[in-house]
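Source file: my_file28.pdb. Holds: PDB, C-alpha atoms and all ligand atoms.
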```pdb
ATOM      1  CA  MET A   1       9.847  -3.111  33.707
ATOM      2  CA  PRO A   2      11.853  -6.005  32.229
ATOM      3  CA  PHE A   3      11.715  -4.993  28.542
ATOM      4  CA  ARG A   4      15.428  -4.368  28.304
ATOM      5  CA  GLY A   5      16.106  -7.725  29.941
ATOM      6  CA  PHE A   6      13.892  -9.505  27.393
ATOM      7  CA  LYS A   7      15.606  -7.711  24.515
ATOM      8  CA  LEU A   8      19.039  -8.718  25.757
ATOM      9  CA  ARG A   9      17.847 -12.235  26.342
ATOM     10  CA  VAL A  10      16.430 -12.796  22.858
ATOM     11  CA  GLU A  11      19.436 -11.079  21.295
ATOM     12  CA  ALA A  12      21.790 -13.514  23.040
ATOM     13  CA  ALA A  13      19.616 -16.482  22.071
ATOM     14  CA  LEU A  14      19.468 -15.366  18.428
ATOM     15  CA  ASP A  15      23.238 -15.027  18.426
ATOM     16  CA  ARG A  16      23.429 -18.675  19.540
ATOM     17  CA  VAL A  17      20.949 -20.113  17.030
ATOM     18  CA  LEU A  18      22.043 -18.174  13.940
ATOM     19  CA  PRO A  19      24.816 -19.766  11.866
ATOM     20  CA  ALA A  20      28.300 -18.360  12.403
ATOM     21  CA  ALA A  21      29.341 -15.735   9.844
ATOM     22  CA  ASP A  22      32.688 -17.447   9.354
ATOM     23  CA  SER A  23      31.097 -20.810   8.456
ATOM     24  CA  GLY A  24      30.119 -21.454   4.838
ATOM     25  CA  PRO A  25      28.228 -20.113   2.945
ATOM     26  CA  GLY A  26      29.619 -17.062   4.722
ATOM     27  CA  ARG A  27      27.817 -14.378   2.726
ATOM     28  CA  LEU A  28      24.410 -15.932   3.459
ATOM     29  CA  HIS A  29      25.224 -16.418   7.130
ATOM     30  CA  GLU A  30      26.606 -12.904   7.491
ATOM     31  CA  ALA A  31      23.452 -11.482   5.900
ATOM     32  CA  MET A  32      21.167 -13.625   8.102
ATOM     33  CA  ARG A  33      22.941 -12.163  11.128
ATOM     34  CA  TYR A  34      22.871  -8.639   9.652
ATOM     35  CA  VAL A  35      19.062  -8.604   9.465
ATOM     36  CA  SER A  36      18.332 -10.515  12.669
ATOM     37  CA  LEU A  37      20.705  -9.117  15.271
ATOM     38  CA  ASP A  38      21.090  -5.742  16.933
ATOM     39  CA  GLY A  39      17.829  -4.125  15.942
ATOM     40  CA  GLY A  40      14.092  -4.069  16.227
ATOM     41  CA  LYS A  41      11.812  -3.491  19.163
ATOM     42  CA  ARG A  42      11.445  -7.246  19.799
ATOM     43  CA  ILE A  43       7.772  -6.872  20.658
ATOM     44  CA  ARG A  44       6.964 -10.377  19.407
ATOM     45  CA  ALA A  45       9.698 -11.908  21.578
ATOM     46  CA  MET A  46       8.423  -9.891  24.548
ATOM     47  CA  LEU A  47       4.953 -11.360  23.963
ATOM     48  CA  VAL A  48       6.400 -14.881  24.155
ATOM     49  CA  TYR A  49       8.125 -13.992  27.443
ATOM     50  CA  GLY A  50       5.087 -12.134  28.812
ATOM     51  CA  ALA A  51       2.596 -14.890  27.956
ATOM     52  CA  GLY A  52       5.024 -17.526  29.219
ATOM     53  CA  GLN A  53       5.479 -15.780  32.544
ATOM     54  CA  ALA A  54       1.700 -15.440  32.906
ATOM     55  CA  VAL A  55       1.410 -19.239  32.824
ATOM     56  CA  ASP A  56       4.518 -19.821  34.965
ATOM     57  CA  ALA A  57       6.605 -21.275  32.148
ATOM     58  CA  ASN A  58      10.256 -21.831  32.917
ATOM     59  CA  SER A  59      11.982 -18.778  31.435
ATOM     60  CA  ASP A  60      14.721 -20.923  29.855
ATOM     61  CA  VAL A  61      12.231 -22.651  27.555
ATOM     62  CA  LEU A  62      10.879 -19.332  26.269
ATOM     63  CA  ASP A  63      14.063 -18.340  24.442
ATOM     64  CA  ILE A  64      13.648 -20.653  21.449
ATOM     65  CA  PRO A  65      10.013 -19.762  20.663
ATOM     66  CA  ALA A  66      10.979 -16.093  21.136
ATOM     67  CA  CYS A  67      13.781 -16.587  18.580
ATOM     68  CA  ALA A  68      11.465 -18.440  16.212
ATOM     69  CA  VAL A  69       8.902 -15.629  16.034
ATOM     70  CA  GLU A  70      11.641 -13.011  15.659
ATOM     71  CA  LEU A  71      13.241 -15.032  12.829
ATOM     72  CA  ILE A  72       9.923 -15.249  10.969
ATOM     73  CA  HIS A  73       9.404 -11.532  11.563
ATOM     74  CA  ALA A  74      12.912 -10.681  10.291
ATOM     75  CA  TYR A  75      12.344 -12.807   7.182
ATOM     76  CA  SER A  76       9.059 -11.021   6.500
ATOM     77  CA  LEU A  77      10.744  -7.617   6.750
ATOM     78  CA  VAL A  78      13.551  -8.653   4.386
ATOM     79  CA  HIS A  79      11.055  -9.863   1.769
ATOM     80  CA  ASP A  80       8.710  -6.922   2.368
ATOM     81  CA  ASP A  81      11.545  -4.499   1.581
ATOM     82  CA  LEU A  82      12.425  -6.150  -1.754
ATOM     83  CA  PRO A  83      11.876  -4.215  -4.999
ATOM     84  CA  ALA A  84       9.013  -6.575  -5.906
ATOM     85  CA  MET A  85       7.213  -5.595  -2.705
ATOM     86  CA  ASP A  86       7.621  -2.266  -0.865
ATOM     87  CA  ASN A  87      11.005  -1.529  -2.461
ATOM     88  CA  ASP A  88      12.545   0.119   0.579
ATOM     89  CA  THR A  89      16.174   0.917   1.264
ATOM     90  CA  LEU A  90      16.240   1.500   5.027
ATOM     91  CA  ARG A  91      15.227  -0.776   7.899
ATOM     92  CA  ARG A  92      16.130  -0.633  11.588
ATOM     93  CA  GLY A  93      18.364   2.353  10.840
ATOM     94  CA  LYS A  94      20.511   0.585   8.280
ATOM     95  CA  PRO A  95      20.385  -0.339   4.576
ATOM     96  CA  THR A  96      17.881  -3.091   3.811
ATOM     97  CA  CYS A  97      19.229  -6.536   3.021
ATOM     98  CA  HIS A  98      18.987  -6.279  -0.771
ATOM     99  CA  ILE A  99      20.824  -2.920  -0.651
ATOM    100  CA  ALA A 100      23.577  -4.094   1.723
ATOM    101  CA  TYR A 101      23.875  -7.384  -0.215
ATOM    102  CA  ASP A 102      21.748  -8.042  -3.335
ATOM    103  CA  ASP A 103      18.248  -9.216  -4.281
ATOM    104  CA  ALA A 104      19.145 -12.885  -4.577
ATOM    105  CA  THR A 105      20.856 -12.878  -1.177
ATOM    106  CA  ALA A 106      17.861 -11.111   0.398
ATOM    107  CA  ILE A 107      15.436 -13.714  -0.988
ATOM    108  CA  LEU A 108      17.645 -16.536   0.263
ATOM    109  CA  VAL A 109      18.173 -14.858   3.649
ATOM    110  CA  GLY A 110      14.402 -14.761   4.105
ATOM    111  CA  ASP A 111      14.129 -18.396   3.101
ATOM    112  CA  GLY A 112      16.978 -19.359   5.432
ATOM    113  CA  LEU A 113      15.504 -17.487   8.403
ATOM    114  CA  GLN A 114      12.106 -19.056   7.881
ATOM    115  CA  SER A 115      13.552 -22.570   7.768
ATOM    116  CA  LEU A 116      15.705 -21.903  10.819
ATOM    117  CA  ALA A 117      12.645 -20.814  12.824
ATOM    118  CA  PHE A 118      10.981 -24.191  12.286
ATOM    119  CA  GLU A 119      14.241 -26.107  12.714
ATOM    120  CA  ILE A 120      14.872 -24.710  16.200
ATOM    121  CA  LEU A 121      11.245 -25.157  17.271
ATOM    122  CA  ALA A 122      11.205 -28.794  16.172
ATOM    123  CA  SER A 123      14.666 -29.727  17.446
ATOM    124  CA  PRO A 124      14.839 -31.363  20.903
ATOM    125  CA  ALA A 125      18.402 -30.066  21.151
ATOM    126  CA  PHE A 126      17.090 -26.489  21.103
ATOM    127  CA  ASN A 127      13.480 -26.750  22.237
ATOM    128  CA  THR A 128      13.276 -28.858  25.378
ATOM    129  CA  VAL A 129       9.496 -28.972  25.900
ATOM    130  CA  PRO A 130       7.754 -32.360  25.336
ATOM    131  CA  VAL A 131       7.462 -33.475  21.732
ATOM    132  CA  GLU A 132       3.686 -32.905  21.473
ATOM    133  CA  LEU A 133       4.159 -29.282  22.525
ATOM    134  CA  ARG A 134       6.982 -28.853  20.006
ATOM    135  CA  LEU A 135       4.718 -30.204  17.303
ATOM    136  CA  GLN A 136       1.907 -27.857  18.265
ATOM    137  CA  MET A 137       4.321 -24.905  18.248
ATOM    138  CA  VAL A 138       5.440 -25.815  14.713
ATOM    139  CA  PHE A 139       1.796 -26.055  13.657
ATOM    140  CA  GLU A 140       0.803 -22.732  15.250
ATOM    141  CA  LEU A 141       3.756 -20.842  13.768
ATOM    142  CA  GLY A 142       3.336 -22.456  10.352
ATOM    143  CA  ARG A 143      -0.313 -21.541  10.206
ATOM    144  CA  ALA A 144       0.352 -17.987  11.392
ATOM    145  CA  ALA A 145       3.189 -17.359   8.948
ATOM    146  CA  GLY A 146       1.550 -18.834   5.858
ATOM    147  CA  HIS A 147      -1.338 -18.381   3.466
ATOM    148  CA  ALA A 148      -3.932 -18.245   6.233
ATOM    149  CA  GLY A 149      -1.931 -15.657   8.167
ATOM    150  CA  MET A 150       0.967 -13.365   7.373
ATOM    151  CA  VAL A 151       1.534 -14.265   3.715
ATOM    152  CA  GLY A 152      -2.204 -14.196   2.990
ATOM    153  CA  GLY A 153      -2.430 -10.762   4.639
ATOM    154  CA  GLN A 154       0.481  -9.525   2.592
ATOM    155  CA  VAL A 155      -1.253 -10.659  -0.609
ATOM    156  CA  ARG A 156      -4.399  -8.775   0.414
ATOM    157  CA  ASP A 157      -2.288  -5.724   1.248
ATOM    158  CA  ILE A 158      -0.662  -5.687  -2.179
ATOM    159  CA  ALA A 159      -4.015  -6.283  -3.893
ATOM    160  CA  ALA A 160      -5.504  -3.310  -2.025
ATOM    161  CA  GLU A 161      -2.875  -0.820  -3.219
ATOM    162  CA  GLY A 162      -4.596   2.084  -4.938
ATOM    163  CA  SER A 163      -8.043   1.217  -3.621
ATOM    164  CA  SER A 164      -9.933   1.919  -0.442
ATOM    165  CA  LEU A 165     -11.139  -0.767   1.940
ATOM    166  CA  THR A 166     -13.916  -0.929   4.481
ATOM    167  CA  LEU A 167     -12.843  -1.096   8.115
ATOM    168  CA  GLU A 168     -13.865  -4.764   8.212
ATOM    169  CA  GLN A 169     -11.694  -5.541   5.166
ATOM    170  CA  LEU A 170      -8.780  -3.627   6.665
ATOM    171  CA  ASN A 171      -9.103  -5.489   9.961
ATOM    172  CA  ALA A 172      -9.243  -8.830   8.125
ATOM    173  CA  LEU A 173      -6.114  -7.936   6.151
ATOM    174  CA  HIS A 174      -4.175  -7.016   9.269
ATOM    175  CA  ARG A 175      -5.419  -9.960  11.317
ATOM    176  CA  GLY A 176      -3.350 -11.887   8.793
ATOM    177  CA  LYS A 177      -0.453  -9.657   7.855
ATOM    178  CA  THR A 178       0.519  -8.421  11.330
ATOM    179  CA  GLY A 179      -1.885 -10.032  13.773
ATOM    180  CA  ALA A 180      -1.294 -13.696  13.067
ATOM    181  CA  LEU A 181       2.358 -13.636  14.131
ATOM    182  CA  ILE A 182       1.556 -11.578  17.223
ATOM    183  CA  ARG A 183      -1.115 -14.122  18.157
ATOM    184  CA  ALA A 184       1.303 -16.991  17.525
ATOM    185  CA  ALA A 185       3.869 -15.339  19.821
ATOM    186  CA  VAL A 186       1.344 -15.335  22.657
ATOM    187  CA  VAL A 187       0.198 -18.907  21.953
ATOM    188  CA  LEU A 188       3.778 -20.211  21.847
ATOM    189  CA  GLY A 189       4.472 -18.568  25.204
ATOM    190  CA  VAL A 190       1.403 -20.255  26.680
ATOM    191  CA  LEU A 191       2.407 -23.632  25.224
ATOM    192  CA  CYS A 192       5.794 -23.281  26.943
ATOM    193  CA  GLY A 193       3.895 -23.493  30.209
ATOM    194  CA  GLY A 194       2.270 -26.733  29.007
ATOM    195  CA  ARG A 195      -1.133 -25.051  28.936
ATOM    196  CA  ARG A 196      -3.670 -25.809  26.210
ATOM    197  CA  ASP A 197      -6.956 -25.354  28.059
ATOM    198  CA  PRO A 198      -9.434 -22.914  26.462
ATOM    199  CA  ASP A 199      -9.907 -21.022  29.747
ATOM    200  CA  THR A 200      -6.277 -19.943  29.527
ATOM    201  CA  LEU A 201      -5.797 -19.780  25.773
ATOM    202  CA  ASN A 202      -8.972 -17.952  24.753
ATOM    203  CA  PRO A 203      -8.519 -14.767  26.821
ATOM    204  CA  LEU A 204      -4.887 -14.594  25.739
ATOM    205  CA  LYS A 205      -5.892 -14.994  22.085
ATOM    206  CA  GLN A 206      -8.428 -12.182  22.563
ATOM    207  CA  TYR A 207      -5.678 -10.047  24.113
ATOM    208  CA  ALA A 208      -3.372 -10.838  21.174
ATOM    209  CA  GLU A 209      -6.047 -10.015  18.619
ATOM    210  CA  GLN A 210      -6.586  -6.557  20.119
ATOM    211  CA  ILE A 211      -2.875  -5.893  20.537
ATOM    212  CA  GLY A 212      -2.272  -6.921  16.922
ATOM    213  CA  LEU A 213      -4.833  -4.438  15.628
ATOM    214  CA  ALA A 214      -3.546  -1.674  17.920
ATOM    215  CA  PHE A 215       0.002  -2.367  16.792
ATOM    216  CA  GLN A 216      -0.913  -1.952  13.117
ATOM    217  CA  ILE A 217      -3.012   1.174  13.707
ATOM    218  CA  ILE A 218      -0.101   2.837  15.501
ATOM    219  CA  ASP A 219       2.251   1.653  12.738
ATOM    220  CA  ASP A 220       0.041   3.389  10.167
ATOM    221  CA  ILE A 221      -0.179   6.564  12.267
ATOM    222  CA  LEU A 222       3.605   6.682  12.729
ATOM    223  CA  ASP A 223       4.086   6.228   8.985
ATOM    224  CA  GLU A 224       1.999   9.399   8.510
ATOM    225  CA  GLU A 225       3.338  11.471  11.378
ATOM    226  CA  SER A 226       6.880  10.445  12.240
ATOM    227  CA  ASP A 227      10.202  10.745  10.469
ATOM    228  CA  VAL A 228      13.049   8.594   9.256
ATOM    229  CA  ASP A 229      15.398   9.410  12.150
ATOM    230  CA  THR A 230      12.848   8.374  14.773
ATOM    231  CA  LEU A 231      11.578   5.282  12.955
ATOM    232  CA  GLY A 232      14.840   3.971  11.501
ATOM    233  CA  LYS A 233      12.879   3.414   8.286
ATOM    234  CA  HIS A 234      11.285   5.768   5.799
ATOM    235  CA  SER A 235       7.982   7.377   6.712
ATOM    236  CA  GLY A 236       5.214   8.360   4.302
ATOM    237  CA  VAL A 237       5.665   5.051   2.495
ATOM    238  CA  ASP A 238       1.990   4.060   2.727
ATOM    239  CA  ARG A 239       0.940   7.251   0.958
ATOM    240  CA  VAL A 240       3.544   6.821  -1.802
ATOM    241  CA  LEU A 241       2.382   3.230  -2.383
ATOM    242  CA  SER A 242      -1.311   4.229  -2.069
ATOM    243  CA  LYS A 243      -1.802   1.645   0.674
ATOM    244  CA  ALA A 244      -5.115   1.181   2.418
ATOM    245  CA  THR A 245      -4.384   2.213   6.016
ATOM    246  CA  TYR A 246      -6.289   3.069   9.181
ATOM    247  CA  PRO A 247      -5.679   6.826   8.758
ATOM    248  CA  SER A 248      -6.737   6.673   5.093
ATOM    249  CA  THR A 249      -9.868   4.727   6.047
ATOM    250  CA  LEU A 250     -10.867   6.393   9.326
ATOM    251  CA  GLY A 251      -8.781   9.566   9.606
ATOM    252  CA  LEU A 252      -6.025  10.134  12.154
ATOM    253  CA  GLU A 253      -8.109  10.971  15.217
ATOM    254  CA  ALA A 254     -10.551   8.097  14.768
ATOM    255  CA  SER A 255      -7.553   5.785  14.242
ATOM    256  CA  ARG A 256      -6.081   6.915  17.558
ATOM    257  CA  GLN A 257      -9.409   6.296  19.249
ATOM    258  CA  MET A 258      -9.633   2.839  17.736
ATOM    259  CA  ALA A 259      -6.123   2.012  18.997
ATOM    260  CA  ARG A 260      -7.158   3.111  22.486
ATOM    261  CA  ARG A 261     -10.292   0.940  22.304
ATOM    262  CA  CYS A 262      -8.243  -2.077  21.227
ATOM    263  CA  HIS A 263      -5.864  -1.418  24.138
ATOM    264  CA  ALA A 264      -8.772  -1.261  26.580
ATOM    265  CA  GLN A 265     -10.273  -4.484  25.196
ATOM    266  CA  ALA A 266      -6.924  -6.221  25.461
ATOM    267  CA  LEU A 267      -6.807  -5.357  29.170
ATOM    268  CA  VAL A 268     -10.397  -6.561  29.653
ATOM    269  CA  ALA A 269      -9.413  -9.911  28.108
ATOM    270  CA  LEU A 270      -6.522 -10.241  30.598
ATOM    271  CA  GLU A 271      -8.893  -9.682  33.516
ATOM    272  CA  LYS A 272     -10.543 -13.025  32.689
ATOM    273  CA  LEU A 273      -7.359 -14.787  33.755
ATOM    274  CA  ASP A 274      -6.358 -15.704  37.251
ATOM    275  CA  ALA A 275      -2.703 -15.035  36.518
ATOM    276  CA  ASP A 276       0.027 -12.430  36.860
ATOM    277  CA  THR A 277      -0.343 -10.580  33.568
ATOM    278  CA  HIS A 278       1.515  -7.387  34.443
ATOM    279  CA  ILE A 279       4.085  -7.903  31.679
ATOM    280  CA  LEU A 280       1.370  -8.351  29.068
ATOM    281  CA  ARG A 281      -0.329  -5.193  30.358
ATOM    282  CA  ASP A 282       2.958  -3.298  30.081
ATOM    283  CA  ILE A 283       3.409  -4.595  26.516
ATOM    284  CA  ALA A 284      -0.105  -3.374  25.670
ATOM    285  CA  ASP A 285       0.894   0.088  26.915
ATOM    286  CA  LEU A 286       4.127  -0.060  24.926
ATOM    287  CA  VAL A 287       2.261  -0.980  21.744
ATOM    288  CA  VAL A 288      -0.001   2.081  21.857
ATOM    289  CA  ASP A 289       2.445   4.571  23.384
ATOM    290  CA  ARG A 290       5.410   3.758  21.171
ATOM    291  CA  GLN A 291       7.100   6.504  19.197
ATOM    292  CA  PHE A 292       8.860   4.186  16.712
TER     293      PHE A 292
HETATM  294  C1  LIG B   1       7.685 -13.336  -0.289
HETATM  295  C2  LIG B   1       7.042 -15.695   0.342
HETATM  296  C3  LIG B   1       6.956 -14.271   0.599
HETATM  297  C4  LIG B   1       6.237 -13.856   1.627
HETATM  298  C5  LIG B   1       6.130 -12.479   1.988
HETATM  299  C6  LIG B   1       6.803 -10.301   3.382
HETATM  300  C7  LIG B   1       5.657 -11.073   3.802
HETATM  301  C8  LIG B   1       5.392 -12.383   3.220
HETATM  302  C9  LIG B   1       4.852 -10.621   4.693
HETATM  303  C10 LIG B   1       5.148  -9.305   5.270
HETATM  304  C11 LIG B   1       4.329  -8.980   6.379
HETATM  305  C12 LIG B   1       4.875  -7.760   7.001
HETATM  306  C13 LIG B   1       6.109  -7.160   6.518
HETATM  307  C14 LIG B   1       4.250  -7.245   8.004
HETATM  308  C15 LIG B   1       4.835  -6.045   8.623
HETATM  309  C16 LIG B   1       4.154  -5.699   9.834
HETATM  310  C17 LIG B   1       4.876  -4.622  10.559
HETATM  311  C18 LIG B   1       4.051  -3.519  11.061
HETATM  312  C19 LIG B   1       6.198  -4.665  10.722
HETATM  313  C20 LIG B   1       7.005  -3.774  11.578
HETATM  314  O1  LIG B   1       7.189  -4.443  12.793
HETATM  315  P1  LIG B   1       8.015  -3.799  13.999
HETATM  316  O2  LIG B   1       7.675  -2.345  14.109
HETATM  317  O3  LIG B   1       9.506  -3.948  13.474
HETATM  318  O4  LIG B   1       7.814  -4.637  15.203
HETATM  319  P2  LIG B   1      10.855  -4.042  14.311
HETATM  320  O5  LIG B   1      11.904  -3.546  13.355
HETATM  321  O6  LIG B   1      10.722  -3.185  15.531
HETATM  322  O7  LIG B   1      11.052  -5.480  14.652
END
```

Spell out the structure here as structure tokens.
Amino acid sequence: MPFRGFKLRVEAALDRVLPAADSGPGRLHEAMRYVSLDGGKRIRAMLVYGAGQAVDANSDVLDIPACAVELIHAYSLVHDDLPAMDNDTLRRGKPTCHIAYDDATAILVGDGLQSLAFEILASPAFNTVPVELRLQMVFELGRAAGHAGMVGGQVRDIAAEGSSLTLEQLNALHRGKTGALIRAAVVLGVLCGGRRDPDTLNPLKQYAEQIGLAFQIIDDILDEESDVDTLGKHSGVDRVLSKATYPSTLGLEASRQMARRCHAQALVALEKLDADTHILRDIADLVVDRQF
């Protein structure tokens, strides 16, 4: 299973695209590297590699989209941890950005990472696919990260604190907050192979949708059941913040069952493709079996 290879690969690529810590403004650059390197499961990068390999994309062109989704993800975590949001002090086993640095630096780190993601996707020096594919990648990531995706989901999440949601509302929230970036990772991988036909894209989008929901359900379950040493971040946070979660909406056992159903539906979607999707199947397993 090539997961470790993908992790090493995206880590090396991130090291190349991030600004050097000894170039000015050094504190910003150091903090951008602090939150982006040497941590995280890299599931979104793996989805770029897995989807790309399914459509026979050249593995060299997958590195930059993999970096771009991980940079957006890292930015979202930095902002999510700020006092104005979840107010957390631990992430990936180390102090969050605003604790290690300060609030202003953490806000600017998030801003800098977000800009860098689009810069490397758009730049022919970094991203060597044809210009129309670069443009579509910028569009897909922008839409996923913004008001219609991750940021919109985050707003719904904050608005739901202290109240209960229906399952449909919870799914809609997480299709944005967590799912949109996961879906964009898969789409960017497919675009690296030069593929835009619905017969290829639609089953992979269906796979991504199911994986995104499963990922969030397991995240909610781990927040209830796991501990700080295993997760590298505090557990029990959702309860403290009175978040609407899958366990609070469905209960733990029904949440587990829903995650298993999403996993099964993700695999059904892959069967519609005449392609080698073994990496995407392995990622689906990883998403539901993960312990952290
Ligand atoms: C402040 C402009 C502005 C925007 C904020 C912060 C934000 C927009 C959105 C946050 C969305 C968010 C934090 C989603 C989190 C989803 C989630 C389950 C994250 C954990 O992902 P993992 O487990 O993390 O893949 P690692 O550390 O393994 O990479």

Legend entry - Selection result of the PyMOL selection byres (((chain A and resi 258-262) around 12) and not hetatm) on this file, as a ChimeraX atom specification: /A:167,171,206-221,246-247,249-257,263-269,284-290

Inset, instruction - Would you mind reading off the distance between atom CA of Ser163 of chain A and atom CA of Lys243 of chain A, one decimal, in Å? - result: 7.6 Å

Closest-contact table, chain A side, partner ligand LIG 1 (chain B), 6 Å, counting only C-alpha atoms and all ligand atoms, as CSV:
```
residue,atom,partner,partner_atom,distance
A:Gly40,CA,B:LIG1,O6,3.6
A:Lys41,CA,B:LIG1,O6,3.8
A:Arg42,CA,B:LIG1,O7,5.5
A:Ile43,CA,B:LIG1,O4,5.9
A:Ser76,CA,B:LIG1,C6,3.9
A:Leu77,CA,B:LIG1,C13,4.7
A:His79,CA,B:LIG1,C6,4.6
A:Asp80,CA,B:LIG1,C6,4.0
A:Arg92,CA,B:LIG1,O5,5.4
A:Met150,CA,B:LIG1,C9,5.5
A:Val151,CA,B:LIG1,C8,4.3
A:Gln154,CA,B:LIG1,C9,5.0
A:Lys177,CA,B:LIG1,C11,5.1
A:Thr178,CA,B:LIG1,C16,4.8
A:Gln216,CA,B:LIG1,C18,5.6
A:Asp219,CA,B:LIG1,C18,5.7
```

Any chance you could export the current selection's C-alpha atoms as an mmCIF file, in the frame of the given file?
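Saved result, out_18.cif, follows:
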```cif
data_model
loop_
_atom_site.group_PDB
_atom_site.id
_atom_site.type_symbol
_atom_site.label_atom_id
_atom_site.label_comp_id
_atom_site.auth_asym_id
_atom_site.auth_seq_id
_atom_site.Cartn_x
_atom_site.Cartn_y
_atom_site.Cartn_z
ATOM 1 C CA GLY A 40 14.092 -4.069 16.227
ATOM 2 C CA LYS A 41 11.812 -3.491 19.163
ATOM 3 C CA ARG A 42 11.445 -7.246 19.799
ATOM 4 C CA ILE A 43 7.772 -6.872 20.658
ATOM 5 C CA SER A 76 9.059 -11.021 6.500
ATOM 6 C CA LEU A 77 10.744 -7.617 6.750
ATOM 7 C CA HIS A 79 11.055 -9.863 1.769
ATOM 8 C CA ASP A 80 8.710 -6.922 2.368
ATOM 9 C CA ARG A 92 16.130 -0.633 11.588
ATOM 10 C CA MET A 150 0.967 -13.365 7.373
ATOM 11 C CA VAL A 151 1.534 -14.265 3.715
ATOM 12 C CA GLN A 154 0.481 -9.525 2.592
ATOM 13 C CA LYS A 177 -0.453 -9.657 7.855
ATOM 14 C CA THR A 178 0.519 -8.421 11.330
ATOM 15 C CA GLN A 216 -0.913 -1.952 13.117
ATOM 16 C CA ASP A 219 2.251 1.653 12.738
#
```

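Shortest separation to Gly176 of chain A among A:Ala84, A:Val155, A:Val61, A:Ala106 occurs at residue A:Val155, atoms counted being all atoms listed in the file.
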
Legend entry - Hits from the PyMOL selection byres (((chain A and resi 28) around 10) and not hetatm), listed as a PyMOL selection string: chain A and resi 19+21+23-27+29-34+101+105-106+108-109+112

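Between atom CA of His234 of chain A and atom CA of Thr89 of chain A the separation is 8.2 Å.
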
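With distances restricted to all atoms listed in the file, A:Ala68 is the closest residue to Phe118 of chain A from A:Ala68, A:Leu191, A:Leu222, A:Leu173.
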
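Here atom CA of Pro198 of chain A is placed at a distance of 26.0 Å from atom CA of Ala117 of chain A.
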
Inset, instruction - Could you check which of A:Arg239, A:Arg16, A:Arg44, A:Arg281 is closest to Gly162 of chain A, using all atoms listed in the file? - result: A:Arg239

For segment 13-20 of chain A, what centre and edge lengths in Å (one decimal) does the axis-aligned box get once 8 Å is added on each side of all its listed atoms, as lines of an AutoDock Vina configuration file?
```
center_x = 23.9
center_y = -17.6
center_z = 17.0
size_x = 24.8
size_y = 21.1
size_z = 26.2
```

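Distances to Gly93 of chain A were evaluated for A:Gly39, A:Glu224, A:Leu241, A:Asp199 using only C-alpha atoms, and the minimum falls at A:Gly39.
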
As an mmCIF file, in the frame of the given file, the rebuilt segment 152-165 of chain A with N, CA and C atoms:
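Full text of selection_1.cif as output:
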```cif
data_model
loop_
_atom_site.group_PDB
_atom_site.id
_atom_site.type_symbol
_atom_site.label_atom_id
_atom_site.label_comp_id
_atom_site.auth_asym_id
_atom_site.auth_seq_id
_atom_site.Cartn_x
_atom_site.Cartn_y
_atom_site.Cartn_z
ATOM 1 N N GLY A 152 -0.882 -14.533 3.541
ATOM 2 C CA GLY A 152 -2.204 -14.196 2.990
ATOM 3 C C GLY A 152 -2.535 -12.722 3.186
ATOM 4 N N GLY A 153 -2.189 -12.186 4.365
ATOM 5 C CA GLY A 153 -2.430 -10.762 4.639
ATOM 6 C C GLY A 153 -1.603 -9.875 3.726
ATOM 7 N N GLN A 154 -0.384 -10.307 3.490
ATOM 8 C CA GLN A 154 0.481 -9.525 2.592
ATOM 9 C C GLN A 154 -0.101 -9.491 1.174
ATOM 10 N N VAL A 155 -0.636 -10.607 0.728
ATOM 11 C CA VAL A 155 -1.253 -10.659 -0.609
ATOM 12 C C VAL A 155 -2.441 -9.692 -0.674
ATOM 13 N N ARG A 156 -3.251 -9.699 0.379
ATOM 14 C CA ARG A 156 -4.399 -8.775 0.414
ATOM 15 C C ARG A 156 -3.928 -7.326 0.427
ATOM 16 N N ASP A 157 -2.827 -7.085 1.148
ATOM 17 C CA ASP A 157 -2.288 -5.724 1.248
ATOM 18 C C ASP A 157 -1.852 -5.233 -0.127
ATOM 19 N N ILE A 158 -1.138 -6.074 -0.839
ATOM 20 C CA ILE A 158 -0.662 -5.687 -2.179
ATOM 21 C C ILE A 158 -1.863 -5.478 -3.110
ATOM 22 N N ALA A 159 -2.837 -6.389 -3.013
ATOM 23 C CA ALA A 159 -4.015 -6.283 -3.893
ATOM 24 C C ALA A 159 -4.801 -5.004 -3.627
ATOM 25 N N ALA A 160 -4.706 -4.488 -2.391
ATOM 26 C CA ALA A 160 -5.504 -3.310 -2.025
ATOM 27 C C ALA A 160 -4.821 -1.998 -2.399
ATOM 28 N N GLU A 161 -3.570 -2.064 -2.888
ATOM 29 C CA GLU A 161 -2.875 -0.820 -3.219
ATOM 30 C C GLU A 161 -3.679 -0.037 -4.252
ATOM 31 N N GLY A 162 -3.882 1.228 -3.981
ATOM 32 C CA GLY A 162 -4.596 2.084 -4.938
ATOM 33 C C GLY A 162 -6.094 2.053 -4.768
ATOM 34 N N SER A 163 -6.585 1.222 -3.825
ATOM 35 C CA SER A 163 -8.043 1.217 -3.621
ATOM 36 C C SER A 163 -8.346 1.463 -2.149
ATOM 37 N N SER A 164 -9.586 1.733 -1.855
ATOM 38 C CA SER A 164 -9.933 1.919 -0.442
ATOM 39 C C SER A 164 -10.657 0.668 0.051
ATOM 40 N N LEU A 165 -10.517 0.417 1.334
ATOM 41 C CA LEU A 165 -11.139 -0.767 1.940
ATOM 42 C C LEU A 165 -12.121 -0.323 3.010
#
```
